[in-house]
file entry.txt (compact mmCIF, C-alpha atoms and all ligand atoms)
# COMPACT_ATOMS: atom_id res chain seq x y z
CA MET A 867 1.19 10.12 -4.00
CA LYS A 868 -2.28 8.65 -3.68
CA LEU A 869 -5.32 10.43 -5.09
CA PHE A 870 -8.61 10.49 -3.19
CA ILE A 871 -11.84 12.14 -4.32
CA ASP A 872 -13.20 14.65 -1.80
CA SER A 873 -16.88 14.03 -2.43
CA GLY A 874 -20.00 12.23 -1.27
CA ASN A 875 -21.50 12.40 -4.74
CA LEU A 876 -22.04 8.98 -6.29
CA LYS A 877 -22.10 10.37 -9.82
CA ASP A 878 -18.65 11.99 -9.38
CA ILE A 879 -17.32 8.78 -7.87
CA GLU A 880 -18.86 6.49 -10.51
CA THR A 881 -17.40 8.69 -13.25
CA LEU A 882 -13.85 8.90 -11.89
CA VAL A 883 -13.20 5.48 -10.34
CA PRO A 884 -13.32 3.55 -13.68
CA LEU A 885 -10.38 5.67 -14.90
CA GLY A 886 -8.21 3.60 -12.55
CA ILE A 887 -6.50 6.53 -10.81
CA ILE A 888 -8.54 6.81 -7.61
CA ASP A 889 -7.19 5.30 -4.39
CA GLY A 890 -9.85 6.37 -1.91
CA ILE A 891 -12.54 8.87 -0.90
CA THR A 892 -12.95 11.50 1.76
CA THR A 893 -16.35 12.76 2.86
CA ASN A 894 -17.40 15.17 5.56
CA PRO A 895 -20.77 16.18 7.06
CA SER A 896 -21.07 19.20 4.71
CA LEU A 897 -20.45 17.04 1.63
CA LEU A 898 -22.89 14.28 2.69
CA ALA A 899 -25.52 16.88 3.66
CA LYS A 900 -25.63 17.92 -0.03
CA GLU A 901 -26.66 14.38 -1.06
CA GLY A 902 -30.18 13.05 -0.65
CA GLY A 903 -30.93 9.71 0.97
CA ASP A 904 -29.54 7.66 3.81
CA TYR A 905 -25.92 8.60 4.51
CA LYS A 906 -24.99 5.08 5.65
CA ALA A 907 -26.31 3.60 2.41
CA ILE A 908 -24.34 6.22 0.44
CA LEU A 909 -21.16 5.39 2.37
CA LYS A 910 -21.68 1.67 1.76
CA LYS A 911 -22.15 2.25 -1.96
CA ILE A 912 -19.04 4.47 -2.09
CA CYS A 913 -16.98 1.72 -0.42
CA GLN A 914 -18.27 -0.87 -2.87
CA ILE A 915 -17.32 1.32 -5.84
CA VAL A 916 -13.89 2.49 -4.74
CA GLN A 917 -12.75 -0.56 -2.74
CA GLY A 918 -10.33 1.70 -0.89
CA PRO A 919 -10.12 3.88 2.22
CA THR A 920 -13.31 5.94 2.61
CA SER A 921 -13.35 8.57 5.33
CA ALA A 922 -16.64 9.03 7.18
CA GLU A 923 -16.80 11.73 9.83
CA VAL A 924 -18.37 11.67 13.28
CA VAL A 925 -20.57 14.59 14.33
CA ALA A 926 -20.42 14.11 18.10
CA THR A 927 -18.12 16.55 19.88
CA ASP A 928 -17.40 14.55 23.04
CA ALA A 929 -14.95 11.63 23.06
CA GLU A 930 -17.50 9.03 24.18
CA GLY A 931 -19.94 10.09 21.47
CA MET A 932 -17.18 10.09 18.83
CA ILE A 933 -16.09 6.59 19.85
CA ARG A 934 -19.70 5.35 19.68
CA GLU A 935 -20.28 6.95 16.27
CA GLY A 936 -16.87 5.79 15.06
CA ARG A 937 -17.71 2.16 15.87
CA ASP A 938 -21.04 2.58 14.11
CA LEU A 939 -19.42 4.05 10.99
CA ALA A 940 -16.67 1.42 10.94
CA ALA A 941 -19.35 -1.30 10.98
CA ILE A 942 -20.72 -0.06 7.62
CA ASP A 943 -17.81 -1.50 5.62
CA GLU A 944 -14.23 -2.67 6.08
CA HIS A 945 -13.00 0.28 3.97
CA ILE A 946 -14.37 2.94 6.31
CA VAL A 947 -11.81 5.19 7.95
CA VAL A 948 -13.32 7.04 10.90
CA LYS A 949 -12.80 10.78 10.66
CA VAL A 950 -12.62 12.80 13.87
CA PRO A 951 -11.99 16.52 14.30
CA PHE A 952 -8.77 17.68 15.90
CA THR A 953 -9.89 18.55 19.42
CA LYS A 954 -8.79 17.07 22.76
CA ASP A 955 -11.86 14.85 22.62
CA GLY A 956 -11.02 13.96 19.00
CA VAL A 957 -7.49 12.96 19.98
CA LYS A 958 -8.84 10.85 22.85
CA ALA A 959 -11.33 9.17 20.51
CA CYS A 960 -8.56 8.63 17.92
CA LYS A 961 -6.42 6.83 20.49
CA ALA A 962 -9.34 4.65 21.66
CA LEU A 963 -10.56 3.75 18.16
CA THR A 964 -7.00 3.05 16.98
CA GLN A 965 -6.47 0.69 19.92
CA GLU A 966 -9.57 -1.21 18.74
CA GLY A 967 -7.92 -1.62 15.33
CA LYS A 968 -9.93 1.03 13.50
CA ARG A 969 -8.22 3.46 11.15
CA VAL A 970 -8.71 7.13 12.02
CA ASN A 971 -8.33 10.27 9.91
CA VAL A 972 -7.86 13.33 12.11
CA THR A 973 -9.34 16.27 10.26
CA LEU A 974 -9.42 20.07 10.59
CA ILE A 975 -5.64 20.19 11.01
CA PHE A 976 -4.25 23.71 10.62
CA SER A 977 -0.79 23.45 12.21
CA ALA A 978 2.15 21.06 12.36
CA THR A 979 1.81 20.66 16.13
CA GLN A 980 -1.79 19.49 15.69
CA ALA A 981 -0.64 16.93 13.11
CA TRP A 982 2.12 15.71 15.41
CA LEU A 983 -0.29 15.28 18.35
CA ALA A 984 -2.74 13.37 16.13
CA ALA A 985 0.12 11.10 14.97
CA LYS A 986 1.01 10.44 18.60
CA ALA A 987 -2.60 9.33 19.15
CA GLY A 988 -2.15 6.75 16.38
CA ALA A 989 -3.94 8.49 13.49
CA ALA A 990 -3.74 6.63 10.19
CA TYR A 991 -4.09 9.98 8.38
CA VAL A 992 -3.85 13.66 9.28
CA SER A 993 -5.73 16.11 7.08
CA PRO A 994 -4.22 19.60 6.85
CA PHE A 995 -6.71 21.97 5.16
CA VAL A 996 -4.56 23.97 2.74
CA GLY A 997 -7.29 25.97 0.97
CA ARG A 998 -8.87 27.22 4.18
CA LEU A 999 -5.43 28.37 5.43
CA ASP A 1000 -4.77 30.17 2.13
CA ASP A 1001 -8.20 31.83 2.52
CA ILE A 1002 -7.01 33.59 5.67
CA ALA A 1003 -3.66 34.60 4.14
CA ASN A 1004 -1.66 31.78 5.78
CA SER A 1005 0.29 29.42 3.57
CA GLY A 1006 -1.41 26.02 3.68
CA MET A 1007 1.46 24.36 1.86
CA THR A 1008 4.01 25.68 4.40
CA VAL A 1009 2.11 23.75 7.07
CA VAL A 1010 2.19 20.63 4.86
CA ARG A 1011 5.96 20.98 4.46
CA GLU A 1012 6.41 21.27 8.24
CA ILE A 1013 4.27 18.16 8.83
CA VAL A 1014 6.14 16.11 6.19
CA ASP A 1015 9.49 17.20 7.72
CA ILE A 1016 8.40 16.20 11.24
CA PHE A 1017 7.03 12.84 10.09
CA ASP A 1018 10.20 12.17 8.05
CA ASN A 1019 12.22 12.57 11.26
CA SER A 1020 10.13 10.17 13.32
CA GLU A 1021 8.64 6.72 13.39
CA TYR A 1022 4.96 7.53 12.87
CA ALA A 1023 3.06 5.45 10.34
CA THR A 1024 0.62 8.35 9.92
CA GLU A 1025 0.02 9.47 6.33
CA VAL A 1026 -0.18 13.14 5.38
CA LEU A 1027 -3.46 13.66 3.51
CA VAL A 1028 -3.59 17.10 1.93
CA ALA A 1029 -7.20 18.36 2.06
CA SER A 1030 -9.18 21.48 1.16
CA VAL A 1031 -7.48 21.43 -2.22
CA ARG A 1032 -8.66 24.23 -4.50
CA HIS A 1033 -6.55 23.95 -7.67
CA PRO A 1034 -3.90 21.82 -9.44
CA ILE A 1035 -1.00 23.86 -8.00
CA HIS A 1036 -1.90 22.46 -4.58
CA ILE A 1037 -1.57 18.94 -6.08
CA ILE A 1038 1.84 19.68 -7.59
CA GLU A 1039 3.16 21.23 -4.38
CA ALA A 1040 1.80 18.36 -2.25
CA GLY A 1041 3.56 15.82 -4.49
CA ARG A 1042 6.84 17.74 -4.48
CA MET A 1043 6.78 17.99 -0.69
CA GLY A 1044 6.26 14.26 -0.26
CA ALA A 1045 2.67 14.21 0.98
CA ASP A 1046 1.21 10.68 0.97
CA VAL A 1047 -2.27 11.54 -0.27
CA VAL A 1048 -4.05 14.44 -1.91
CA THR A 1049 -7.85 14.55 -1.76
CA CYS A 1050 -9.48 16.65 -4.46
CA PRO A 1051 -12.99 17.69 -5.44
CA ALA A 1052 -14.01 16.20 -8.82
CA ALA A 1053 -13.69 19.65 -10.45
CA VAL A 1054 -10.01 19.91 -9.46
CA ILE A 1055 -9.30 16.41 -10.82
CA GLU A 1056 -10.97 17.57 -14.05
CA GLN A 1057 -8.65 20.63 -14.12
CA ALA A 1058 -5.62 18.41 -13.52
CA PHE A 1059 -6.47 16.45 -16.68
CA LYS A 1060 -6.83 19.49 -18.89
CA HIS A 1061 -4.22 21.17 -21.05
CA PRO A 1062 -5.15 23.19 -24.15
CA LEU A 1063 -1.99 22.04 -25.97
CA THR A 1064 -3.11 18.41 -25.56
CA ASP A 1065 -6.45 19.24 -27.21
CA ILE A 1066 -4.82 21.27 -29.99
CA GLY A 1067 -2.14 18.61 -30.52
CA LEU A 1068 -4.66 15.79 -30.76
CA GLU A 1069 -6.84 17.73 -33.18
CA ARG A 1070 -3.80 18.39 -35.39
CA PHE A 1071 -2.64 14.73 -35.36
CA ILE A 1072 -6.08 13.55 -36.43
CA LYS A 1073 -6.45 16.20 -39.15
CA ASP A 1074 -2.99 15.47 -40.58
CA TRP A 1075 -3.73 11.75 -40.59
CA GLU A 1076 -7.10 12.20 -42.29
CA LYS A 1077 -5.54 14.56 -44.89
CA ALA A 1078 -2.86 11.97 -45.71
CA GLN A 1079 -5.43 9.19 -45.98
CA ALA A 1080 -7.62 11.30 -48.30
CA ALA A 1081 -4.58 12.10 -50.54
CA ARG A 1082 -3.85 8.39 -50.97
CA VAL A 1083 -7.25 7.61 -52.47
C1 LIG A 1101 -11.21 16.80 3.69
O1 LIG A 1101 -11.28 15.68 4.12
C2 LIG A 1101 -12.32 17.78 3.71
O2 LIG A 1101 -13.48 17.05 3.42
C3 LIG A 1101 -12.21 18.83 2.64
O3 LIG A 1101 -11.04 18.71 1.90
C4 LIG A 1101 -12.56 20.21 3.05
O4 LIG A 1101 -12.42 21.06 1.94
P1 LIG A 1101 -13.07 22.52 1.84
O5 LIG A 1101 -12.20 23.46 2.61
O6 LIG A 1101 -13.05 22.81 0.38
O7 LIG A 1101 -14.45 22.42 2.41

call {"tool": "encode", "arguments": {"input": "entry.txt", "output": "structure tokens", "more": "lines below"}}
Ligand code: E4P
result
Amino acid sequence: MKLFIDSGNLKDIETLVPLGIIDGITTNPSLLAKEGGDYKAILKKICQIVQGPTSAEVVATDAEGMIREGRDLAAIDEHIVVKVPFTKDGVKACKALTQEGKRVNVTLIFSATQAWLAAKAGAAYVSPFVGRLDDIANSGMTVVREIVDIFDNSEYATEVLVASVRHPIHIIEAGRMGADVVTCPAAVIEQAFKHPLTDIGLERFIKDWEKAQAARV
């Protein structure tokens, strides 16, 4: 399973990419709105750092506008994946952009039928939002399982990109279900690294070693 960072923050990206575990980035208008400066310059910089798929979302709501913005975003860098919302216009724009050879991530997916329709329109990725489904007492991961099952039974090249991840359990479940990608905020990646027994164990190894070295003198 690939790991993307769900962030438009250059500091987060510059900190995590050198670890060698990051395959791509997802941004959205809310994330980029938090960053100062020119969003196109930020997206370019992100692409240069990660050298992998970087989702950049359109803000138009009509198909023509989405296609126009999608072309504009795709021109920023070869790594840009155009992100469109799952609406009828979004599906139409996905089909048109895909036919031009652009990769499209269809976002705001909350059901398996939406994911299937986006796949039929040629989406490179579908992004089910698991955290936002959990927030309204629906199981986000159940929707992911349904999507993975449907895609396993068909010929679509579409990748399942689990989004709106809130904690490491979402990562574990996504991996066990066979999702292709999980996109996580930097804080969740941080949590995935952490285990108190690792810290305690390391401290003990070092202390024991130092004690033995001191006894030899
Ligand atoms: C994914 O591409 C979205 O940017 C993101 O995961 C949304 O997450 P949120 O529900 O935490 O805003």

call {"tool": "closest_residue", "arguments": {"input": "entry.txt", "among": "A:Arg1070, A:Lys877, A:Arg1011, A:His1061", "to": "Met1043 in chain A", "atoms": "only C-alpha atoms"}}
result
A:Arg1011

call {"tool": "residues_near_ligand", "arguments": {"input": "entry.txt", "ligand": "ligand LIG 1101 (chain A)", "cutoff": "10 Å", "atoms": "all atoms listed in the file", "output": "VMD selection string"}}
result
chain A and resid 870 to 874 891 to 898 921 to 923 949 971 to 975 992 to 999 1001 1027 to 1032 1048 to 1051

call {"tool": "residues_near_point", "arguments": {"input": "entry.txt", "point": "(3.6, 11.6, 4.0)", "cutoff": "7 Å", "atoms": "only C-alpha atoms", "output": "JSON, numbers by chain"}}
result
{"A": [1014, 1025, 1026, 1044, 1045, 1046]}

call {"tool": "closest_residue", "arguments": {"input": "entry.txt", "among": "A:Gly1041, A:Gly936, A:Gly1006, A:Gly890", "to": "Ser977 in chain A", "atoms": "all atoms listed in the file"}}
result
A:Gly1006

call {"tool": "axis_aligned_box", "arguments": {"input": "entry.txt", "around": "range 973-991 of chain A", "padding_each_side": "3 Å", "output": "AutoDock Vina command-line options"}}
result
--center_x -3.6 --center_y 15.2 --center_z 13.8 --size_x 17.6 --size_y 23.1 --size_z 16.8

call {"tool": "atom_distance", "arguments": {"input": "entry.txt", "atom1": "CA of Ala926 in chain A", "atom2": "CA of Gly956 in chain A"}}
result
9.4 Å

call {"tool": "closest_residue", "arguments": {"input": "entry.txt", "among": "A:Ile946, A:Leu876, A:Ile888, A:Val1010", "to": "Lys900 in chain A", "atoms": "all atoms listed in the file"}}
result
A:Leu876

call {"tool": "closest_residue", "arguments": {"input": "entry.txt", "among": "A:Ala899, A:Lys1077, A:Ala1058, A:Lys906", "to": "Ala941 in chain A", "atoms": "only C-alpha atoms"}}
result
A:Lys906

call {"tool": "atom_distance", "arguments": {"input": "entry.txt", "atom1": "CA of Lys968 in chain A", "atom2": "CA of Ile1037 in chain A"}}
result
27.8 Å

call {"tool": "atom_distance", "arguments": {"input": "entry.txt", "atom1": "CA of Tyr991 in chain A", "atom2": "CA of Gly931 in chain A"}}
result
20.6 Å

call {"tool": "closest_residue", "arguments": {"input": "entry.txt", "among": "A:Val1054, A:Val970, A:Ala985, A:Lys954", "to": "Val924 in chain A", "atoms": "all atoms listed in the file"}}
result
A:Val970

call {"tool": "residues_around", "arguments": {"input": "entry.txt", "residues": "Leu983 in chain A", "least_positions_apart": "3", "cutoff": "12 Å", "atoms": "all atoms listed in the file", "output": "list of chain:residue names"}}
result
A:Phe952, A:Thr953, A:Lys954, A:Gly956, A:Val957, A:Lys958, A:Cys960, A:Lys961, A:Val972, A:Ile975, A:Ser977, A:Ala978, A:Thr979, A:Gln980, A:Lys986, A:Ala987, A:Gly988, A:Ala989, A:Tyr991, A:Val992, A:Ile1013, A:Ile1016, A:Phe1017, A:Tyr1022, A:Thr1024

call {"tool": "closest_residue", "arguments": {"input": "entry.txt", "among": "A:Ala1078, A:Ile1055, A:Met867, A:Ile1066", "to": "Thr881 in chain A", "atoms": "all atoms listed in the file"}}
result
A:Ile1055

call {"tool": "residues_around", "arguments": {"input": "entry.txt", "residues": "Ala959 in chain A", "least_positions_apart": "5", "cutoff": "8 Å", "atoms": "all atoms listed in the file", "output": "PDB file with C-alpha atoms, in the frame of the given file"}}
result
ATOM      1  CA  ALA A 929     -14.950  11.630  23.060  1.00  0.00           C
ATOM      2  CA  GLU A 930     -17.500   9.030  24.180  1.00  0.00           C
ATOM      3  CA  MET A 932     -17.180  10.090  18.830  1.00  0.00           C
ATOM      4  CA  ILE A 933     -16.090   6.590  19.850  1.00  0.00           C
ATOM      5  CA  VAL A 950     -12.620  12.800  13.870  1.00  0.00           C
TER       6      VAL A 950
END

call {"tool": "build_atoms", "arguments": {"input": "entry.txt", "residues": "range 947-958 of chain A", "atoms": "all heavy atoms", "output": "PDB file, in the coordinates of the input"}}
result
ATOM      1  N   VAL A 947     -12.786   4.576   7.056  1.00  0.00           N
ATOM      2  CA  VAL A 947     -11.810   5.190   7.950  1.00  0.00           C
ATOM      3  C   VAL A 947     -12.598   6.218   8.758  1.00  0.00           C
ATOM      4  O   VAL A 947     -13.289   7.059   8.173  1.00  0.00           O
ATOM      5  CB  VAL A 947     -10.688   5.909   7.143  1.00  0.00           C
ATOM      6  CG1 VAL A 947      -9.748   6.665   8.071  1.00  0.00           C
ATOM      7  CG2 VAL A 947      -9.919   4.907   6.283  1.00  0.00           C
ATOM      8  N   VAL A 948     -12.538   6.123  10.066  1.00  0.00           N
ATOM      9  CA  VAL A 948     -13.320   7.040  10.900  1.00  0.00           C
ATOM     10  C   VAL A 948     -12.622   8.394  10.956  1.00  0.00           C
ATOM     11  O   VAL A 948     -11.426   8.472  11.251  1.00  0.00           O
ATOM     12  CB  VAL A 948     -13.484   6.483  12.335  1.00  0.00           C
ATOM     13  CG1 VAL A 948     -14.279   7.454  13.197  1.00  0.00           C
ATOM     14  CG2 VAL A 948     -14.150   5.108  12.305  1.00  0.00           C
ATOM     15  N   LYS A 949     -13.388   9.437  10.651  1.00  0.00           N
ATOM     16  CA  LYS A 949     -12.800  10.780  10.660  1.00  0.00           C
ATOM     17  C   LYS A 949     -13.242  11.504  11.928  1.00  0.00           C
ATOM     18  O   LYS A 949     -14.444  11.544  12.221  1.00  0.00           O
ATOM     19  CB  LYS A 949     -13.322  11.523   9.429  1.00  0.00           C
ATOM     20  CG  LYS A 949     -12.385  12.533   8.833  1.00  0.00           C
ATOM     21  CD  LYS A 949     -13.044  13.033   7.551  1.00  0.00           C
ATOM     22  CE  LYS A 949     -12.244  14.050   6.843  1.00  0.00           C
ATOM     23  NZ  LYS A 949     -13.033  14.669   5.774  1.00  0.00           N
ATOM     24  N   VAL A 950     -12.279  12.030  12.667  1.00  0.00           N
ATOM     25  CA  VAL A 950     -12.620  12.800  13.870  1.00  0.00           C
ATOM     26  C   VAL A 950     -11.959  14.166  13.770  1.00  0.00           C
ATOM     27  O   VAL A 950     -10.877  14.298  13.199  1.00  0.00           O
ATOM     28  CB  VAL A 950     -12.165  12.078  15.175  1.00  0.00           C
ATOM     29  CG1 VAL A 950     -12.764  10.683  15.295  1.00  0.00           C
ATOM     30  CG2 VAL A 950     -10.650  12.024  15.293  1.00  0.00           C
ATOM     31  N   PRO A 951     -12.609  15.191  14.345  1.00  0.00           N
ATOM     32  CA  PRO A 951     -11.990  16.520  14.300  1.00  0.00           C
ATOM     33  C   PRO A 951     -10.836  16.624  15.288  1.00  0.00           C
ATOM     34  O   PRO A 951     -10.811  15.921  16.299  1.00  0.00           O
ATOM     35  CB  PRO A 951     -13.141  17.444  14.734  1.00  0.00           C
ATOM     36  CG  PRO A 951     -14.011  16.586  15.588  1.00  0.00           C
ATOM     37  CD  PRO A 951     -13.910  15.187  15.037  1.00  0.00           C
ATOM     38  N   PHE A 952      -9.887  17.497  14.982  1.00  0.00           N
ATOM     39  CA  PHE A 952      -8.770  17.680  15.900  1.00  0.00           C
ATOM     40  C   PHE A 952      -9.201  18.568  17.074  1.00  0.00           C
ATOM     41  O   PHE A 952      -9.206  19.803  16.986  1.00  0.00           O
ATOM     42  CB  PHE A 952      -7.540  18.313  15.222  1.00  0.00           C
ATOM     43  CG  PHE A 952      -6.408  18.429  16.206  1.00  0.00           C
ATOM     44  CD1 PHE A 952      -5.570  17.360  16.434  1.00  0.00           C
ATOM     45  CD2 PHE A 952      -6.248  19.567  16.977  1.00  0.00           C
ATOM     46  CE1 PHE A 952      -4.574  17.431  17.398  1.00  0.00           C
ATOM     47  CE2 PHE A 952      -5.249  19.655  17.939  1.00  0.00           C
ATOM     48  CZ  PHE A 952      -4.416  18.581  18.149  1.00  0.00           C
ATOM     49  N   THR A 953      -9.604  17.892  18.138  1.00  0.00           N
ATOM     50  CA  THR A 953      -9.890  18.550  19.420  1.00  0.00           C
ATOM     51  C   THR A 953      -9.288  17.598  20.456  1.00  0.00           C
ATOM     52  O   THR A 953      -8.873  16.481  20.097  1.00  0.00           O
ATOM     53  CB  THR A 953     -11.401  18.658  19.679  1.00  0.00           C
ATOM     54  OG1 THR A 953     -11.951  17.327  19.629  1.00  0.00           O
ATOM     55  CG2 THR A 953     -12.102  19.550  18.664  1.00  0.00           C
ATOM     56  N   LYS A 954      -9.297  18.004  21.728  1.00  0.00           N
ATOM     57  CA  LYS A 954      -8.790  17.070  22.760  1.00  0.00           C
ATOM     58  C   LYS A 954      -9.651  15.817  22.774  1.00  0.00           C
ATOM     59  O   LYS A 954      -9.153  14.700  22.889  1.00  0.00           O
ATOM     60  CB  LYS A 954      -8.764  17.750  24.118  1.00  0.00           C
ATOM     61  CG  LYS A 954      -7.619  18.745  24.235  1.00  0.00           C
ATOM     62  CD  LYS A 954      -7.585  19.409  25.583  1.00  0.00           C
ATOM     63  CE  LYS A 954      -6.477  20.454  25.604  1.00  0.00           C
ATOM     64  NZ  LYS A 954      -6.735  21.517  26.555  1.00  0.00           N
ATOM     65  N   ASP A 955     -10.966  16.014  22.657  1.00  0.00           N
ATOM     66  CA  ASP A 955     -11.860  14.850  22.620  1.00  0.00           C
ATOM     67  C   ASP A 955     -11.590  14.005  21.374  1.00  0.00           C
ATOM     68  O   ASP A 955     -11.632  12.780  21.431  1.00  0.00           O
ATOM     69  CB  ASP A 955     -13.333  15.295  22.651  1.00  0.00           C
ATOM     70  CG  ASP A 955     -13.765  15.673  24.054  1.00  0.00           C
ATOM     71  OD1 ASP A 955     -14.214  14.801  24.806  1.00  0.00           O
ATOM     72  OD2 ASP A 955     -13.610  16.859  24.407  1.00  0.00           O
ATOM     73  N   GLY A 956     -11.315  14.680  20.243  1.00  0.00           N
ATOM     74  CA  GLY A 956     -11.020  13.960  19.000  1.00  0.00           C
ATOM     75  C   GLY A 956      -9.756  13.128  19.131  1.00  0.00           C
ATOM     76  O   GLY A 956      -9.695  11.987  18.677  1.00  0.00           O
ATOM     77  N   VAL A 957      -8.755  13.687  19.779  1.00  0.00           N
ATOM     78  CA  VAL A 957      -7.490  12.960  19.980  1.00  0.00           C
ATOM     79  C   VAL A 957      -7.723  11.750  20.878  1.00  0.00           C
ATOM     80  O   VAL A 957      -7.237  10.646  20.597  1.00  0.00           O
ATOM     81  CB  VAL A 957      -6.415  13.929  20.578  1.00  0.00           C
ATOM     82  CG1 VAL A 957      -5.218  13.159  21.124  1.00  0.00           C
ATOM     83  CG2 VAL A 957      -5.965  14.923  19.509  1.00  0.00           C
ATOM     84  N   LYS A 958      -8.531  11.955  21.932  1.00  0.00           N
ATOM     85  CA  LYS A 958      -8.840  10.850  22.850  1.00  0.00           C
ATOM     86  C   LYS A 958      -9.585   9.738  22.102  1.00  0.00           C
ATOM     87  O   LYS A 958      -9.269   8.554  22.237  1.00  0.00           O
ATOM     88  CB  LYS A 958      -9.708  11.405  23.984  1.00  0.00           C
ATOM     89  CG  LYS A 958      -9.784  10.549  25.195  1.00  0.00           C
ATOM     90  CD  LYS A 958     -10.515  11.319  26.302  1.00  0.00           C
ATOM     91  CE  LYS A 958     -11.002  10.344  27.369  1.00  0.00           C
ATOM     92  NZ  LYS A 958     -11.923  10.994  28.300  1.00  0.00           N
TER      93      LYS A 958
END
